[in-house]
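Undergrad: Provided herewith is a single structure, encoded as structure tokens, for subsequent inquiry.
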Amino acid sequence: IKPMYKINELPTPCFVIDEGKLEENLKLLHQVEERTGAKILLAQKCFSCFSEYPLIGKYISGTTASGLYEARLGKEEMGLENHVYSPAYRPQDMEELAQICDHIIFNSEKQLRTYLPVLKASGTAKAGLRINPECSTQDGHAIYDPCAPGSRLGTTRAQWDAAVAAHPELPALLDGLHFHTLCEQDADALAVTLAAVEKKFADLLPRMQWLNFGGGHHITRPGYALATLENCILSVRQKYGVQVYLEPGEAWALNAGYLVTTVLDTLRNGDTSL
């Protein structure tokens, strides 16, 4: 909100970003980076108002994308670390992604094997694999749960072992692992998930350069268990020597915007006022 404007004087409908509140969220996230050494990325699919990228870029490590166009946006408008994950990539997009992204995360070992030569040719892009720890911390909406039975999101340990049996060179191709299982959740759910990740994939972690905790971390929500989050990050960094990444979405702009509207009419229908 600029000081010269009053909300009741704005043309409606419009969405107003409160930069003061946005910056409060940014400062909190930056403090987590400073205390833990983690790198926090803006999940652009949740907040892609690029006019705010110069402000956001003062506090964080970069952006993450879900496809080519978001990856371009992060590269062009913020210009920091640029990551991408997609359940599957189109062949015609991969060469450009390998040029503009630092990390490219694949959903399956087949996608990894298919596109690794393109990454190697770029000389810069690192290869990651999304894993499925098969540990659900969400209730009531299995259709949206990445760890639900039959989920297509991420590679299970059984799938990985079968792939390695057929292609023994696979472990050496990976630079990092990624998991994303949360949705607007507290750090207790992360702790449960992380234990499952370690149970199933701990033997792979010492070979990795990084572990990405994905998104769904409601870090800027009042009452969020910051100490638990930071303990999870520090424990992984100390145990496995990896760089930790987080990709919160809503946390960036939580409570930092307003939808301004004008009431054009009112009516009453029985006991209901509209």
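If you're wondering about the labels, chains in the structure tokens are A, B, ... by order shown, residues count from 1 in each chain, ligands from 1 in order shown.
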Residues at most 9 Å from Asn132 in chain A, counting only C-alpha atoms, excluding those fewer than 5 positions away in the same chain, as a PyMOL selection string?
TA: chain A and resi 146-147+151+153-157+178-181+197
Undergrad: Can I get the selection written as a PDB file, in the first residue's frame, with C-alpha atoms?
TA:
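Saved file out32.pdb follows:
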ATOM      1  CA  PRO A 146       1.256 -36.826  -2.902  1.00  0.00           C
ATOM      2  CA  CYS A 147       1.707 -39.819  -0.582  1.00  0.00           C
ATOM      3  CA  SER A 151       0.172 -41.409  -6.304  1.00  0.00           C
ATOM      4  CA  LEU A 153       4.057 -37.772  -7.689  1.00  0.00           C
ATOM      5  CA  GLY A 154       7.551 -38.833  -6.754  1.00  0.00           C
ATOM      6  CA  THR A 155       9.507 -42.082  -6.877  1.00  0.00           C
ATOM      7  CA  THR A 156       8.992 -44.682  -4.140  1.00  0.00           C
ATOM      8  CA  ARG A 157      11.865 -46.703  -2.745  1.00  0.00           C
ATOM      9  CA  HIS A 178      13.429 -33.548  -3.366  1.00  0.00           C
ATOM     10  CA  PHE A 179      10.244 -34.345  -1.478  1.00  0.00           C
ATOM     11  CA  HIS A 180       7.015 -32.386  -1.305  1.00  0.00           C
ATOM     12  CA  THR A 181       4.268 -33.834   0.888  1.00  0.00           C
ATOM     13  CA  VAL A 197      12.459 -39.966   4.297  1.00  0.00           C
TER      14      VAL A 197
END
Undergrad: Name the residues in contact with Arg237 in chain A at a cut-off of 12 Å, using only C-alpha atoms, excluding same-chain residues fewer than 6 positions from it; report them as a list in words.
TA: Thr36, Gly37, Ala38, Lys39, Leu205, Pro206, Met208, Gln209, Trp210, Leu211, Asn212, Glu230, Asn231, Gln243, Val244 and Tyr245 of chain A
Undergrad: Hey, which of A:Leu264, A:Leu42, A:Val236, A:Cys101 ends up closest to Gly123 in chain A? Count only C-alpha atoms.
TA: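 Comparing A:Leu264, A:Leu42, A:Val236, A:Cys101 against Gly123 in chain A, the winner is A:Cys101.
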Undergrad: Determine, counting only C-alpha atoms, which protein, DNA and RNA residues have an atom within 12 Å of an atom of Pro171 in chain A; residues of the same chain fewer than 5 positions away are not included. Present the result as an NGL selection string.
TA: :A and (109 or 112-113 or 127-129 or 160-161 or 163-166 or 176-177 or 201 or 203-208)
Undergrad: Generate the output file for the selected residues, all heavy atoms, as a short mmCIF file (atom, residue, chain, number, x, y, z; two decimals), in the first residue's frame.
TA:
data_model
loop_
_atom_site.label_atom_id
_atom_site.label_comp_id
_atom_site.auth_asym_id
_atom_site.auth_seq_id
_atom_site.Cartn_x
_atom_site.Cartn_y
_atom_site.Cartn_z
N GLU A 109 12.68 -41.93 -12.61
CA GLU A 109 14.01 -42.27 -13.11
C GLU A 109 14.02 -42.30 -14.64
O GLU A 109 15.05 -42.01 -15.26
CB GLU A 109 14.48 -43.60 -12.52
CG GLU A 109 13.57 -44.78 -12.75
CD GLU A 109 13.72 -45.41 -14.13
OE1 GLU A 109 14.79 -45.24 -14.76
OE2 GLU A 109 12.76 -46.10 -14.58
N LEU A 112 14.63 -38.81 -15.72
CA LEU A 112 16.03 -38.51 -15.40
C LEU A 112 16.96 -39.07 -16.48
O LEU A 112 17.82 -38.35 -17.00
CB LEU A 112 16.39 -39.11 -14.04
CG LEU A 112 17.86 -39.08 -13.63
CD1 LEU A 112 18.35 -37.65 -13.42
CD2 LEU A 112 18.07 -39.91 -12.36
N ARG A 113 16.78 -40.33 -16.84
CA ARG A 113 17.64 -40.94 -17.85
C ARG A 113 17.44 -40.31 -19.22
O ARG A 113 18.39 -40.16 -20.00
CB ARG A 113 17.37 -42.44 -17.92
CG ARG A 113 17.86 -43.22 -16.72
CD ARG A 113 17.75 -44.73 -16.93
NE ARG A 113 16.38 -45.20 -16.93
CZ ARG A 113 15.71 -45.60 -18.01
NH1 ARG A 113 16.31 -45.59 -19.20
NH2 ARG A 113 14.46 -46.02 -17.93
N ALA A 127 20.94 -32.26 -11.50
CA ALA A 127 19.82 -33.18 -11.62
C ALA A 127 19.33 -33.64 -10.25
O ALA A 127 20.12 -34.07 -9.41
CB ALA A 127 20.21 -34.40 -12.45
N GLY A 128 18.02 -33.54 -10.04
CA GLY A 128 17.41 -34.02 -8.82
C GLY A 128 16.28 -34.98 -9.11
O GLY A 128 15.74 -35.02 -10.22
N LEU A 129 15.89 -35.76 -8.10
CA LEU A 129 14.78 -36.70 -8.23
C LEU A 129 13.80 -36.45 -7.10
O LEU A 129 14.19 -36.37 -5.93
CB LEU A 129 15.28 -38.15 -8.15
CG LEU A 129 14.21 -39.23 -8.26
CD1 LEU A 129 13.68 -39.31 -9.70
CD2 LEU A 129 14.76 -40.59 -7.82
N TRP A 160 12.57 -47.04 -7.12
CA TRP A 160 13.98 -46.69 -7.28
C TRP A 160 14.84 -47.95 -7.32
O TRP A 160 15.73 -48.08 -8.16
CB TRP A 160 14.43 -45.76 -6.15
CG TRP A 160 15.89 -45.44 -6.17
CD1 TRP A 160 16.85 -45.87 -5.30
CD2 TRP A 160 16.57 -44.62 -7.14
NE1 TRP A 160 18.09 -45.38 -5.65
CE2 TRP A 160 17.94 -44.61 -6.77
CE3 TRP A 160 16.17 -43.91 -8.25
CZ2 TRP A 160 18.90 -43.90 -7.50
CZ3 TRP A 160 17.12 -43.20 -8.98
CH2 TRP A 160 18.47 -43.20 -8.60
N ASP A 161 14.59 -48.88 -6.40
CA ASP A 161 15.40 -50.09 -6.35
C ASP A 161 15.25 -50.90 -7.64
O ASP A 161 16.24 -51.45 -8.16
CB ASP A 161 14.98 -50.95 -5.15
CG ASP A 161 15.45 -50.36 -3.83
OD1 ASP A 161 16.33 -49.47 -3.86
OD2 ASP A 161 14.93 -50.76 -2.78
N ALA A 163 14.56 -49.67 -10.56
CA ALA A 163 15.25 -48.92 -11.62
C ALA A 163 16.76 -49.12 -11.54
O ALA A 163 17.43 -49.29 -12.56
CB ALA A 163 14.90 -47.44 -11.51
N VAL A 164 17.29 -49.11 -10.32
CA VAL A 164 18.74 -49.29 -10.14
C VAL A 164 19.16 -50.70 -10.54
O VAL A 164 20.25 -50.90 -11.11
CB VAL A 164 19.15 -48.97 -8.70
CG1 VAL A 164 20.60 -49.37 -8.44
CG2 VAL A 164 18.94 -47.49 -8.40
N ALA A 165 18.31 -51.66 -10.27
CA ALA A 165 18.62 -53.03 -10.68
C ALA A 165 18.77 -53.12 -12.21
O ALA A 165 19.62 -53.86 -12.72
CB ALA A 165 17.54 -53.99 -10.19
N ALA A 166 17.94 -52.35 -12.91
CA ALA A 166 18.00 -52.37 -14.38
C ALA A 166 19.05 -51.42 -14.93
O ALA A 166 19.59 -51.65 -16.02
CB ALA A 166 16.63 -52.00 -14.95
N GLY A 176 20.89 -34.42 -6.17
CA GLY A 176 20.09 -34.15 -5.00
C GLY A 176 18.75 -34.84 -5.03
O GLY A 176 18.33 -35.40 -6.06
N LEU A 177 18.07 -34.79 -3.89
CA LEU A 177 16.73 -35.37 -3.75
C LEU A 177 15.75 -34.29 -3.32
O LEU A 177 16.12 -33.30 -2.68
CB LEU A 177 16.73 -36.50 -2.72
CG LEU A 177 17.60 -37.73 -3.03
CD1 LEU A 177 17.55 -38.71 -1.87
CD2 LEU A 177 17.16 -38.40 -4.32
N PHE A 201 15.33 -43.57 2.59
CA PHE A 201 16.32 -43.08 1.63
C PHE A 201 17.64 -42.61 2.28
O PHE A 201 18.46 -42.02 1.60
CB PHE A 201 15.72 -41.91 0.83
CG PHE A 201 14.57 -42.29 -0.04
CD1 PHE A 201 13.26 -42.12 0.39
CD2 PHE A 201 14.78 -42.83 -1.31
CE1 PHE A 201 12.18 -42.47 -0.42
CE2 PHE A 201 13.71 -43.17 -2.13
CZ PHE A 201 12.40 -43.00 -1.68
N ASP A 203 20.33 -44.03 3.04
CA ASP A 203 21.57 -44.53 2.44
C ASP A 203 21.97 -43.73 1.20
O ASP A 203 23.15 -43.74 0.81
CB ASP A 203 21.42 -46.00 2.09
CG ASP A 203 20.30 -46.25 1.09
OD1 ASP A 203 19.17 -45.77 1.33
OD2 ASP A 203 20.53 -46.91 0.06
N LEU A 204 21.03 -43.02 0.59
CA LEU A 204 21.35 -42.22 -0.60
C LEU A 204 21.86 -40.83 -0.23
O LEU A 204 22.59 -40.21 -1.01
CB LEU A 204 20.11 -42.06 -1.49
CG LEU A 204 19.43 -43.33 -2.01
CD1 LEU A 204 18.27 -42.96 -2.94
CD2 LEU A 204 20.42 -44.23 -2.72
N LEU A 205 21.48 -40.34 0.94
CA LEU A 205 21.74 -38.94 1.27
C LEU A 205 23.22 -38.57 1.36
O LEU A 205 23.61 -37.47 0.93
CB LEU A 205 21.02 -38.56 2.57
CG LEU A 205 19.49 -38.49 2.44
CD1 LEU A 205 18.84 -38.29 3.80
CD2 LEU A 205 19.08 -37.38 1.48
N PRO A 206 24.10 -39.41 1.89
CA PRO A 206 25.51 -39.01 1.94
C PRO A 206 26.13 -38.75 0.57
O PRO A 206 27.14 -38.06 0.47
CB PRO A 206 26.19 -40.19 2.65
CG PRO A 206 25.10 -40.81 3.48
CD PRO A 206 23.87 -40.66 2.62
N ARG A 207 25.54 -39.30 -0.47
CA ARG A 207 26.06 -39.09 -1.83
C ARG A 207 25.54 -37.80 -2.45
O ARG A 207 26.03 -37.38 -3.50
CB ARG A 207 25.65 -40.26 -2.74
CG ARG A 207 25.94 -41.64 -2.20
CD ARG A 207 25.37 -42.69 -3.17
NE ARG A 207 25.44 -44.04 -2.63
CZ ARG A 207 24.96 -45.11 -3.25
NH1 ARG A 207 24.41 -44.96 -4.45
NH2 ARG A 207 25.04 -46.29 -2.69
N MET A 208 24.52 -37.20 -1.83
CA MET A 208 23.84 -36.05 -2.42
C MET A 208 24.51 -34.73 -2.04
O MET A 208 25.13 -34.62 -0.99
CB MET A 208 22.38 -36.02 -1.98
CG MET A 208 21.56 -37.23 -2.38
SD MET A 208 21.44 -37.44 -4.17
CE MET A 208 22.17 -39.06 -4.37
#
Undergrad: Residues within 8 Å of Lys21 in chain A, please, as an mmCIF file with N, CA, C and O atoms, in the first residue's frame. Count only C-alpha atoms; anything in the same chain fewer than 5 positions from it doesn't count.
TA:
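Generated output (part39.cif):
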data_model
loop_
_atom_site.group_PDB
_atom_site.id
_atom_site.type_symbol
_atom_site.label_atom_id
_atom_site.label_comp_id
_atom_site.auth_asym_id
_atom_site.auth_seq_id
_atom_site.Cartn_x
_atom_site.Cartn_y
_atom_site.Cartn_z
ATOM 1 N N ALA A 253 3.303 -14.501 1.185
ATOM 2 C CA ALA A 253 2.339 -13.400 1.139
ATOM 3 C C ALA A 253 1.177 -13.602 2.111
ATOM 4 O O ALA A 253 0.148 -12.943 1.979
ATOM 5 N N ASN A 255 -1.447 -13.186 4.662
ATOM 6 C CA ASN A 255 -2.049 -12.001 5.314
ATOM 7 C C ASN A 255 -1.454 -10.685 4.819
ATOM 8 O O ASN A 255 -1.499 -9.680 5.531
ATOM 9 N N ALA A 256 -0.920 -10.681 3.612
ATOM 10 C CA ALA A 256 -0.290 -9.470 3.079
ATOM 11 C C ALA A 256 -1.036 -8.909 1.872
ATOM 12 O O ALA A 256 -0.455 -8.193 1.069
#
